[in-house]
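Q: Please find my_file_23.csv (CSV, C-alpha atoms) on the next line:
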```
chain,number,residue,atom,x,y,z
A,1,MET,CA,-4.9,-4.8,7.9
A,2,ASN,CA,-7.1,-5.2,10.9
A,3,GLY,CA,-10.8,-5.8,11.1
A,4,GLU,CA,-11.8,-2.4,12.2
A,5,SER,CA,-10.6,-0.5,9.2
A,6,ARG,CA,-12.1,-3.2,7.0
A,7,GLU,CA,-15.5,-2.4,8.5
A,8,GLY,CA,-14.7,1.3,7.9
A,9,LEU,CA,-14.0,0.7,4.3
A,10,ALA,CA,-17.1,-1.4,3.9
A,11,LEU,CA,-19.1,1.7,4.9
A,12,PHE,CA,-18.3,3.2,1.5
A,13,GLY,CA,-20.0,0.3,-0.2
A,14,GLY,CA,-22.9,0.7,2.2
A,15,VAL,CA,-23.3,4.4,1.3
A,16,LEU,CA,-23.6,3.5,-2.3
A,17,GLY,CA,-26.4,1.1,-1.5
A,18,VAL,CA,-24.4,-2.1,-2.2
A,19,PRO,CA,-24.1,-4.6,0.6
A,20,PRO,CA,-20.3,-5.0,0.8
A,21,LYS,CA,-20.6,-8.8,0.9
A,22,ALA,CA,-22.2,-8.8,-2.5
A,23,LEU,CA,-19.1,-7.4,-4.1
A,24,LYS,CA,-17.1,-9.9,-5.9
A,25,SER,CA,-14.5,-8.6,-8.3
A,26,PRO,CA,-13.8,-10.5,-11.5
A,27,LEU,CA,-10.3,-9.2,-11.3
A,28,PRO,CA,-7.7,-11.2,-9.5
A,29,ALA,CA,-8.1,-10.4,-5.8
A,30,SER,CA,-4.5,-10.5,-4.7
A,31,ARG,CA,-2.1,-9.4,-7.4
A,32,GLU,CA,1.5,-9.4,-6.1
A,33,ARG,CA,3.6,-6.3,-6.8
A,34,GLY,CA,5.4,-6.5,-10.1
A,35,ASP,CA,3.2,-9.4,-11.2
A,36,THR,CA,2.1,-8.9,-14.8
A,37,GLY,CA,-1.2,-10.5,-14.1
A,38,GLY,CA,-0.3,-13.3,-16.5
A,39,GLU,CA,-3.0,-15.8,-16.8
A,40,ARG,CA,-3.7,-18.4,-19.4
A,41,THR,CA,-6.9,-17.7,-21.3
A,42,SER,CA,-6.5,-20.7,-23.5
A,43,ASP,CA,-3.9,-23.3,-24.3
A,44,HIS,CA,-1.7,-21.0,-26.3
A,45,MET,CA,-2.5,-17.4,-25.3
A,46,GLN,CA,-1.4,-15.7,-22.1
A,47,ARG,CA,-2.6,-12.4,-20.6
A,48,GLN,CA,-0.2,-9.6,-19.7
A,49,LEU,CA,-1.5,-6.6,-17.8
A,50,VAL,CA,-1.2,-3.3,-19.8
A,51,ALA,CA,-3.1,-0.9,-17.6
A,52,GLY,CA,-5.3,-1.4,-14.6
A,53,ARG,CA,-5.8,-0.4,-11.0
A,54,PRO,CA,-2.7,1.1,-9.4
A,55,ASP,CA,-1.2,-1.2,-6.8
A,56,ALA,CA,-2.1,1.2,-4.0
A,57,TRP,CA,-5.8,0.6,-4.8
A,58,MET,CA,-5.3,-3.1,-5.5
A,59,ARG,CA,-4.0,-3.9,-2.0
A,60,LEU,CA,-7.2,-2.9,-0.2
A,61,GLU,CA,-10.7,-4.3,-0.1
A,62,PHE,CA,-12.9,-4.0,-3.2
A,63,ASN,CA,-15.4,-1.3,-2.9
A,64,PRO,CA,-16.7,1.2,-5.5
A,65,ILE,CA,-15.0,4.6,-5.3
A,66,PRO,CA,-17.4,7.0,-3.5
A,67,THR,CA,-17.4,9.7,-6.1
A,68,CYS,CA,-20.2,10.8,-8.6
A,69,PRO,CA,-20.3,9.2,-12.0
A,70,GLY,CA,-17.9,11.0,-14.3
A,71,CYS,CA,-15.9,12.7,-11.6
A,72,GLN,CA,-12.3,12.9,-12.7
A,73,GLU,CA,-10.7,13.3,-9.3
A,74,PRO,CA,-9.9,9.6,-9.1
A,75,THR,CA,-8.4,9.8,-12.6
A,76,ALA,CA,-6.1,12.6,-11.4
A,77,THR,CA,-5.2,10.4,-8.3
A,78,ARG,CA,-4.5,7.5,-10.6
A,79,ALA,CA,-1.9,9.7,-12.4
A,80,VAL,CA,-0.3,10.4,-9.1
A,81,LEU,CA,-0.2,6.7,-8.1
A,82,ASP,CA,1.1,5.7,-11.5
A,83,VAL,CA,4.0,8.2,-11.1
A,84,LEU,CA,4.7,6.9,-7.5
A,85,GLU,CA,4.7,3.3,-8.8
A,86,GLU,CA,6.9,4.2,-11.7
A,87,MET,CA,9.4,6.0,-9.4
A,88,GLY,CA,9.2,3.2,-6.8
A,89,MET,CA,8.4,5.8,-4.1
A,90,GLU,CA,5.1,4.4,-2.7
A,91,GLY,CA,6.8,3.4,0.5
A,92,GLU,CA,8.5,6.8,0.9
A,93,ALA,CA,5.5,9.0,0.1
A,94,ILE,CA,3.3,10.8,2.7
A,95,LEU,CA,0.0,12.2,1.4
A,96,VAL,CA,-1.6,15.2,3.1
A,97,PRO,CA,-5.2,15.5,1.8
A,98,GLY,CA,-7.3,18.6,2.4
A,99,VAL,CA,-11.1,18.7,2.7
A,100,GLY,CA,-13.3,18.2,-0.3
A,101,CYS,CA,-14.7,15.3,-2.4
A,102,HIS,CA,-11.2,13.9,-2.7
A,103,SER,CA,-10.9,13.5,1.0
A,104,LEU,CA,-12.5,10.1,0.8
A,105,ILE,CA,-9.9,8.8,-1.7
A,106,PRO,CA,-6.9,8.5,0.7
A,107,PHE,CA,-8.9,6.2,3.0
A,108,MET,CA,-9.1,3.8,0.1
A,109,LEU,CA,-5.4,3.9,-0.7
A,110,ASP,CA,-2.6,1.8,0.8
A,111,LEU,CA,-0.5,4.9,1.3
A,112,ASP,CA,0.6,6.9,4.4
A,113,HIS,CA,-1.5,9.9,4.9
A,114,VAL,CA,-2.2,12.6,7.5
A,115,MET,CA,-5.5,14.3,7.3
A,116,SER,CA,-5.3,18.0,7.7
A,117,ALA,CA,-7.7,20.8,8.7
A,118,HIS,CA,-9.5,22.6,5.9
A,119,GLY,CA,-7.1,24.5,3.8
A,120,ARG,CA,-4.0,23.8,5.9
A,121,PRO,CA,-2.3,20.9,4.0
A,122,PRO,CA,0.7,23.1,3.0
A,123,ASP,CA,1.3,23.9,6.7
A,124,LEU,CA,1.1,20.3,7.8
A,125,ALA,CA,3.2,19.1,4.9
A,126,SER,CA,5.9,21.7,5.8
A,127,ALA,CA,5.9,20.4,9.3
A,128,ILE,CA,6.2,16.8,8.3
A,129,LYS,CA,8.9,17.6,5.8
A,130,ARG,CA,10.9,19.6,8.4
A,131,VAL,CA,10.6,16.9,11.1
A,132,LEU,CA,11.1,13.8,9.0
A,133,GLY,CA,13.2,15.2,6.2
A,134,ARG,CA,16.5,13.4,5.5
A,135,GLY,CA,18.8,12.8,2.6
A,136,ALA,CA,21.7,14.6,1.0
A,137,ALA,CA,19.8,16.9,-1.4
A,138,ASP,CA,18.3,19.2,1.2
A,139,ARG,CA,16.1,16.7,2.9
A,140,ALA,CA,14.9,15.0,-0.2
A,141,LEU,CA,13.0,12.2,1.5
A,142,PRO,CA,10.2,11.4,2.4
A,143,LEU,CA,8.2,12.6,-0.5
A,144,VAL,CA,5.5,14.8,1.0
A,145,PHE,CA,2.7,16.0,-1.2
A,146,THR,CA,-0.7,17.5,-0.6
A,147,LEU,CA,-3.9,16.7,-2.5
A,148,GLN,CA,-6.3,19.7,-2.4
A,149,GLY,CA,-9.3,21.0,-4.1
A,150,ASP,CA,-9.6,24.5,-5.5
A,151,GLY,CA,-11.7,25.7,-2.6
A,152,ASP,CA,-9.3,24.1,-0.1
A,153,CYS,CA,-6.2,25.4,-1.9
A,154,ILE,CA,-6.9,28.9,-2.9
A,155,ALA,CA,-10.1,30.0,-1.0
A,156,ILE,CA,-9.7,29.0,2.6
A,157,GLY,CA,-6.1,27.8,2.2
A,158,ALA,CA,-4.8,30.7,0.2
A,159,GLY,CA,-2.8,32.0,3.1
A,160,SER,CA,-1.2,28.7,3.8
A,161,LEU,CA,-0.3,28.1,0.2
A,162,VAL,CA,1.2,31.6,-0.4
A,163,ASN,CA,3.2,31.5,2.8
A,164,ALA,CA,4.5,28.0,2.1
A,165,ALA,CA,5.6,29.3,-1.3
A,166,ALA,CA,7.2,32.4,0.2
A,167,ARG,CA,9.1,30.1,2.7
A,168,SER,CA,10.2,27.9,-0.2
A,169,GLU,CA,9.1,24.7,1.6
A,170,ASN,CA,10.3,21.6,-0.1
A,171,ILE,CA,6.9,20.1,-0.7
A,172,THR,CA,4.6,19.3,-3.6
A,173,VAL,CA,1.1,20.8,-3.8
A,174,LEU,CA,-1.4,19.0,-6.1
A,175,MET,CA,-4.5,21.0,-6.7
A,176,LEU,CA,-7.6,19.2,-8.2
A,177,ASN,CA,-9.5,22.1,-9.8
A,178,ASN,CA,-13.1,21.4,-10.6
A,179,VAL,CA,-13.9,25.1,-10.8
A,180,ASN,CA,-16.6,25.1,-8.1
A,181,TYR,CA,-17.3,23.9,-4.5
A,182,GLY,CA,-18.3,20.4,-5.5
A,183,THR,CA,-18.9,19.0,-2.0
A,184,THR,CA,-21.4,21.6,-0.9
A,185,GLY,CA,-23.4,21.8,-4.1
A,186,GLY,CA,-21.5,23.6,-6.8
A,187,GLN,CA,-21.2,27.2,-5.5
A,188,MET,CA,-18.8,29.7,-7.2
A,189,SER,CA,-15.2,29.3,-6.2
A,190,PRO,CA,-12.2,31.6,-6.7
A,191,THR,CA,-11.3,29.6,-9.8
A,192,THR,CA,-14.7,29.6,-11.5
A,193,PRO,CA,-14.0,30.8,-15.1
A,194,LEU,CA,-16.1,33.6,-16.6
A,195,GLY,CA,-19.3,32.4,-18.1
A,196,HIS,CA,-19.4,29.2,-16.0
A,197,ALA,CA,-22.8,28.8,-14.4
A,198,THR,CA,-22.8,27.7,-10.7
A,199,SER,CA,-25.6,27.5,-8.1
A,200,THR,CA,-24.6,31.0,-6.8
A,201,THR,CA,-24.1,32.5,-10.3
A,202,PRO,CA,-26.9,30.8,-12.3
A,203,GLY,CA,-26.4,33.1,-15.3
A,204,GLY,CA,-22.7,32.4,-15.5
A,205,ARG,CA,-19.9,34.2,-13.7
A,206,THR,CA,-19.5,37.8,-14.9
A,207,PRO,CA,-16.8,40.3,-14.0
A,208,ASP,CA,-19.2,41.7,-11.4
A,209,TYR,CA,-18.3,38.6,-9.3
A,210,GLY,CA,-14.6,39.2,-10.0
A,211,TYR,CA,-12.1,37.2,-12.0
A,212,PRO,CA,-10.8,33.7,-11.6
A,213,VAL,CA,-7.5,33.1,-9.9
A,214,ARG,CA,-4.8,31.3,-11.9
A,215,VAL,CA,-2.8,29.6,-9.3
A,216,PRO,CA,0.3,28.2,-11.1
A,217,GLU,CA,0.8,31.5,-12.9
A,218,MET,CA,0.6,33.3,-9.5
A,219,LEU,CA,3.0,30.9,-7.8
A,220,ALA,CA,5.4,31.1,-10.7
A,221,THR,CA,6.2,34.7,-9.6
A,222,PHE,CA,7.5,33.5,-6.3
A,223,GLN,CA,11.2,33.0,-6.0
A,224,GLY,CA,10.8,30.1,-3.7
A,225,VAL,CA,8.7,28.1,-6.1
A,226,ALA,CA,10.7,25.8,-8.3
A,227,TYR,CA,8.0,24.3,-10.5
A,228,ALA,CA,4.5,25.3,-11.4
A,229,ALA,CA,2.3,23.6,-14.1
A,230,ARG,CA,-1.3,23.1,-15.1
A,231,GLY,CA,-2.6,19.9,-16.6
A,232,ALA,CA,-5.9,18.3,-17.4
A,233,VAL,CA,-7.2,14.7,-17.6
A,234,ASN,CA,-10.0,15.3,-20.1
A,235,THR,CA,-8.2,13.4,-22.9
A,236,PRO,CA,-5.7,10.5,-22.9
A,237,ALA,CA,-3.1,13.0,-24.3
A,238,ASN,CA,-3.7,15.5,-21.5
A,239,TYR,CA,-3.6,12.6,-19.0
A,240,GLN,CA,-0.1,11.6,-20.1
A,241,LYS,CA,1.1,15.2,-20.0
A,242,THR,CA,-0.3,15.6,-16.5
A,243,ARG,CA,1.5,12.5,-15.5
A,244,ALA,CA,4.8,14.0,-16.8
A,245,TYR,CA,4.1,17.2,-14.9
A,246,ILE,CA,3.5,15.4,-11.6
A,247,LYS,CA,6.6,13.3,-12.1
A,248,LYS,CA,8.7,16.5,-12.7
A,249,ALA,CA,7.1,18.1,-9.6
A,250,PHE,CA,8.2,15.1,-7.5
A,251,GLN,CA,11.7,15.1,-9.0
A,252,THR,CA,11.9,18.8,-8.2
A,253,GLN,CA,11.1,18.0,-4.6
A,254,MET,CA,13.6,15.2,-4.4
A,255,ALA,CA,16.3,17.5,-5.7
A,256,GLY,CA,15.5,19.9,-2.9
A,257,ARG,CA,14.8,22.9,-5.2
A,258,GLY,CA,11.7,24.3,-3.4
A,259,LEU,CA,8.0,24.2,-3.6
A,260,SER,CA,6.5,22.5,-6.7
A,261,MET,CA,2.9,22.8,-7.7
A,262,VAL,CA,0.7,21.1,-10.3
A,263,GLU,CA,-2.9,22.0,-10.9
A,264,VAL,CA,-5.2,19.4,-12.6
A,265,LEU,CA,-8.4,20.4,-14.2
A,266,CYS,CA,-11.2,17.9,-13.4
A,267,SER,CA,-14.7,17.6,-14.5
A,268,CYS,CA,-17.6,17.7,-12.0
A,269,PRO,CA,-20.7,16.6,-14.0
A,270,PRO,CA,-23.4,16.7,-11.3
A,271,ASP,CA,-22.6,20.2,-10.1
A,272,TRP,CA,-22.1,21.5,-13.6
A,273,HIS,CA,-25.5,20.0,-14.5
A,274,MET,CA,-24.1,18.2,-17.5
A,275,THR,CA,-23.6,14.6,-18.7
A,276,PRO,CA,-20.1,13.3,-18.1
A,277,LEU,CA,-19.3,13.4,-21.9
A,278,ASN,CA,-20.6,17.0,-22.2
A,279,SER,CA,-18.5,18.0,-19.2
A,280,LEU,CA,-15.4,16.9,-21.0
A,281,LYS,CA,-16.4,19.0,-24.1
A,282,TRP,CA,-17.0,22.0,-21.7
A,283,ILE,CA,-13.5,21.7,-20.3
A,284,GLU,CA,-12.1,21.6,-23.8
A,285,ALA,CA,-14.2,24.5,-25.1
A,286,HIS,CA,-14.6,26.9,-22.2
A,287,ILE,CA,-12.2,26.1,-19.3
A,288,ILE,CA,-8.9,25.4,-21.0
A,289,PRO,CA,-9.0,28.7,-23.0
A,290,GLN,CA,-9.2,30.5,-19.7
A,291,PHE,CA,-6.8,28.2,-17.9
A,292,PRO,CA,-4.1,27.4,-20.4
A,293,LEU,CA,-2.3,24.1,-19.9
A,294,GLY,CA,1.5,23.8,-19.6
A,295,GLU,CA,4.5,24.6,-17.4
A,296,PHE,CA,4.8,28.1,-16.1
A,297,LYS,CA,8.1,27.6,-14.2
A,298,GLY,CA,10.4,24.8,-14.6
A,299,PRO,CA,13.8,23.5,-13.5
B,1,MET,CA,-1.6,-6.2,-34.6
B,2,ALA,CA,-1.4,-6.9,-30.9
B,3,ARG,CA,-4.5,-8.5,-29.6
B,4,GLY,CA,-6.0,-7.6,-26.3
B,5,GLU,CA,-8.9,-7.9,-24.0
B,6,ILE,CA,-10.3,-5.9,-21.1
B,7,VAL,CA,-12.2,-6.9,-18.0
B,8,ILE,CA,-14.8,-4.5,-16.7
B,9,ASP,CA,-15.7,-4.7,-13.0
B,10,GLU,CA,-19.5,-4.4,-13.0
B,11,ASN,CA,-19.6,-3.4,-9.3
B,12,PHE,CA,-17.3,-0.5,-10.0
B,13,CYS,CA,-18.6,0.8,-13.3
B,14,LYS,CA,-20.8,3.9,-13.0
B,15,GLY,CA,-21.7,4.2,-16.7
B,16,CYS,CA,-20.0,7.6,-17.4
B,17,GLY,CA,-19.1,6.5,-20.9
B,18,TYR,CA,-15.5,7.8,-21.0
B,19,CYS,CA,-14.2,4.4,-22.0
B,20,SER,CA,-16.5,4.0,-25.0
B,21,LYS,CA,-15.8,7.6,-26.0
B,22,PHE,CA,-12.0,7.3,-26.0
B,23,CYS,CA,-11.7,3.7,-27.4
B,24,ALA,CA,-10.3,4.5,-30.8
B,25,ARG,CA,-11.5,1.2,-32.2
B,26,GLY,CA,-15.0,1.2,-30.9
B,27,CYS,CA,-14.7,-2.0,-28.8
B,28,ILE,CA,-16.8,-0.8,-25.9
B,29,GLU,CA,-20.5,-0.1,-26.2
B,30,GLN,CA,-22.9,1.3,-23.7
B,31,ASN,CA,-26.3,0.6,-25.2
B,32,GLY,CA,-28.5,0.3,-22.1
B,33,ASP,CA,-28.9,-3.4,-22.2
B,34,ARG,CA,-27.2,-4.1,-19.0
B,35,PHE,CA,-27.3,-2.4,-15.6
B,36,SER,CA,-25.0,-2.5,-12.6
B,37,PRO,CA,-26.3,-3.4,-9.1
B,38,GLN,CA,-26.5,0.3,-8.4
B,39,GLY,CA,-28.6,0.9,-11.5
B,40,TYR,CA,-25.9,2.5,-13.8
B,41,ILE,CA,-25.9,1.7,-17.5
B,42,LEU,CA,-22.9,-0.7,-17.8
B,43,ALA,CA,-20.2,-0.4,-20.4
B,44,VAL,CA,-19.9,-3.7,-22.3
B,45,PHE,CA,-16.8,-5.1,-24.1
B,46,ALA,CA,-18.8,-5.8,-27.2
B,47,HIS,CA,-16.1,-6.2,-29.9
B,48,PRO,CA,-13.1,-8.1,-28.5
B,49,GLU,CA,-11.8,-8.9,-32.0
B,50,LYS,CA,-11.0,-5.1,-32.5
B,51,CYS,CA,-9.1,-4.6,-29.3
B,52,ASN,CA,-5.4,-3.9,-29.6
B,53,ALA,CA,-4.5,-3.6,-25.9
B,54,CYS,CA,-3.7,0.1,-25.9
B,55,GLY,CA,-5.0,0.6,-22.4
B,56,VAL,CA,-6.6,4.0,-22.9
B,57,CYS,CA,-9.9,2.8,-21.5
B,58,ALA,CA,-8.2,1.8,-18.3
B,59,TRP,CA,-6.5,5.2,-18.0
B,60,MET,CA,-9.6,7.2,-18.5
B,61,CYS,CA,-11.9,5.1,-16.3
B,62,PRO,CA,-12.5,7.3,-13.2
B,63,ASP,CA,-13.7,4.4,-11.2
B,64,HIS,CA,-10.8,2.1,-11.9
B,65,ALA,CA,-13.2,-0.5,-13.1
B,66,ILE,CA,-11.2,-1.6,-16.2
B,67,GLU,CA,-8.1,-3.7,-16.5
B,68,ALA,CA,-6.6,-4.1,-20.0
B,69,TYR,CA,-4.6,-7.1,-21.0
B,70,ARG,CA,-2.4,-7.9,-24.0
B,71,LEU,CA,-2.8,-11.4,-25.3
B,72,VAL,CA,0.6,-13.0,-26.1
B,73,GLU,CA,1.7,-16.4,-27.1
B,74,ALA,CA,2.3,-18.5,-24.1
B,75,GLN,CA,5.9,-19.5,-23.5
B,76,THR,CA,6.5,-23.0,-24.5
B,77,THR,CA,8.2,-25.3,-22.0
B,78,ALA,CA,11.5,-27.0,-22.8
B,79,HIS,CA,10.2,-30.4,-23.7
B,80,SER,CA,7.3,-29.3,-25.9
```
Take the structure in this file and express it as structure tokens.

A:
Amino acid sequence: MNGESREGLALFGGVLGVPPKALKSPLPASRERGDTGGERTSDHMQRQLVAGRPDAWMRLEFNPIPTCPGCQEPTATRAVLDVLEEMGMEGEAILVPGVGCHSLIPFMLDLDHVMSAHGRPPDLASAIKRVLGRGAADRALPLVFTLQGDGDCIAIGAGSLVNAAARSENITVLMLNNVNYGTTGGQMSPTTPLGHATSTTPGGRTPDYGYPVRVPEMLATFQGVAYAARGAVNTPANYQKTRAYIKKAFQTQMAGRGLSMVEVLCSCPPDWHMTPLNSLKWIEAHIIPQFPLGEFKGP
Amino acid sequence: MARGEIVIDENFCKGCGYCSKFCARGCIEQNGDRFSPQGYILAVFAHPEKCNACGVCAWMCPDHAIEAYRLVEAQTTAHS
């Protein structure tokens, strides 16, 4: 990669107050793909990598991820990257991020991506798929998927999403749902569950403000949607299930069956005014009961 | 039991505490003794002898600061 983009990446470290030159990772700086990270710790023991940074993160410069402590959007992104790595599709994938906190993540990935206008990733992804689509199974490749927040996906981008679903575009929509507008300070979003306090509903959302939108359930009613599921990453078990949902969504797209959609519930501790550990308990106790996990439409 | 060890990148750790919460064996502690360059309370791999290399801490770390390794016997060469 060239010097300019390195400087651009170094900005993220500068934002967090760490001079980029001071960063020295104890992890091996250049791990080849498929390398197990084997390294002798003593004369008779050897290290084998079990879990670590996905390769798409490994290949770039080391800078801390520019999200708040406890934000689970990078965890959800890790699930996506793990699936891509497992399927060997990293070179065939095109990511279309929307606007939100997660917009910074694609710039730290060694993955093709096209930045879209606010709320319009399904439109752009449809265009990319129609232009570049190839393969026997109804233009199976490249693998085009969007990464959107809840505000991006169902508030400003509701029209794009619904029309892409109605047209049965062969793309995958990944929605990271942190149940508020995290970037702008935690205002109420269409997916805020009842009883959840935000900066615009300090006493908790009541039916006076309407009811939350359940996106996978809504999309499951469309004939053009082939797969709709909701996962969470608040526990290791839910993380694994979410990974399986994302893999199924990608396989649905590669089989050319139509639009596939996975929603991932993420915590947002600063905007929920909770500690990171309390935010996970809040997801388990108050959000999952209103947003049930599982598959709503499957192949 | 498999033996393992983890490496925590102290420049990446933001002290959210997810790793110490989800480590089933209590290998990771966050007791406020050590701080990152950004001022976050660091997670510390305090009990390496308990680790069985499950990798859950690395999955759950939102900042991708942890790499988990399994320790295996090194393969012996032909002449030894």

Q: Write out as a list of chain:residue names which residues come within 8 Å of Pro292 (chain A) when counting all atoms listed in the file, dropping same-chain ones fewer than 3 positions away.

A: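 The contact residues come out as A:Arg230, A:Ile288, A:Pro289.
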
Q: Compile the residues of chain A that lie within 6 Å of chain B, evaluated using only C-alpha atoms, and express the compilation as a list of chain:residue names.

A: A:His44, A:Met45, A:Gln46, A:Arg47, A:Gln48, A:Leu49, A:Val50, A:Ala51, A:Gly52, A:Arg53, A:Pro64, A:Pro69, A:Gly70, A:Gln72, A:Pro74, A:Thr75, A:Pro276

Q: For the point (6.9, 25.2, -4.0) in file coordinates, what residues are within 6 Å, counting only C-alpha atoms? Give the answer as an NGL selection string?

A: :A and (165 or 168 or 225-226 or 258-261)

Q: Between CA of Pro97 (chain A) and CA of Val80 (chain A), what is the spacing in Å?

A: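 Interatomic distance, CA of Val80 (chain A) to CA of Pro97 (chain A): 13.0 Å.
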
Q: At what distance in Å, to one decimal, does CA of Asn180 (chain A) lie from CA of Thr198 (chain A)?

A: 7.2 Å

Q: For CA of Glu169 (chain A) and CA of Gly88 (chain A), quote the distance in Å rounded to one decimal.

A: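 Calculated distance between CA of Glu169 (chain A) and CA of Gly88 (chain A) is 23.1 Å.
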
Q: Hey, which of A:Asp152, A:Arg134, A:Ile283, A:Arg120 ends up closest to Asn238 (chain A)? Count only C-alpha atoms.

A: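 For Asn238 (chain A), the nearest of the given residues is A:Ile283.
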
Q: Residues proximal to (9.4, 13.6, 9.8) were defined as those with any atom within 12 Å of that point in the file's coordinates, counting only C-alpha atoms. Which are they, as a list in words?

A: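 Output: Glu92, Ala93, Ile94, Val114, Leu124, Ala125, Ser126, Ala127, Ile128, Lys129, Arg130, Val131, Leu132, Gly133, Arg134, Gly135, Arg139, Ala140, Leu141, Pro142, Leu143 and Val144 of chain A.
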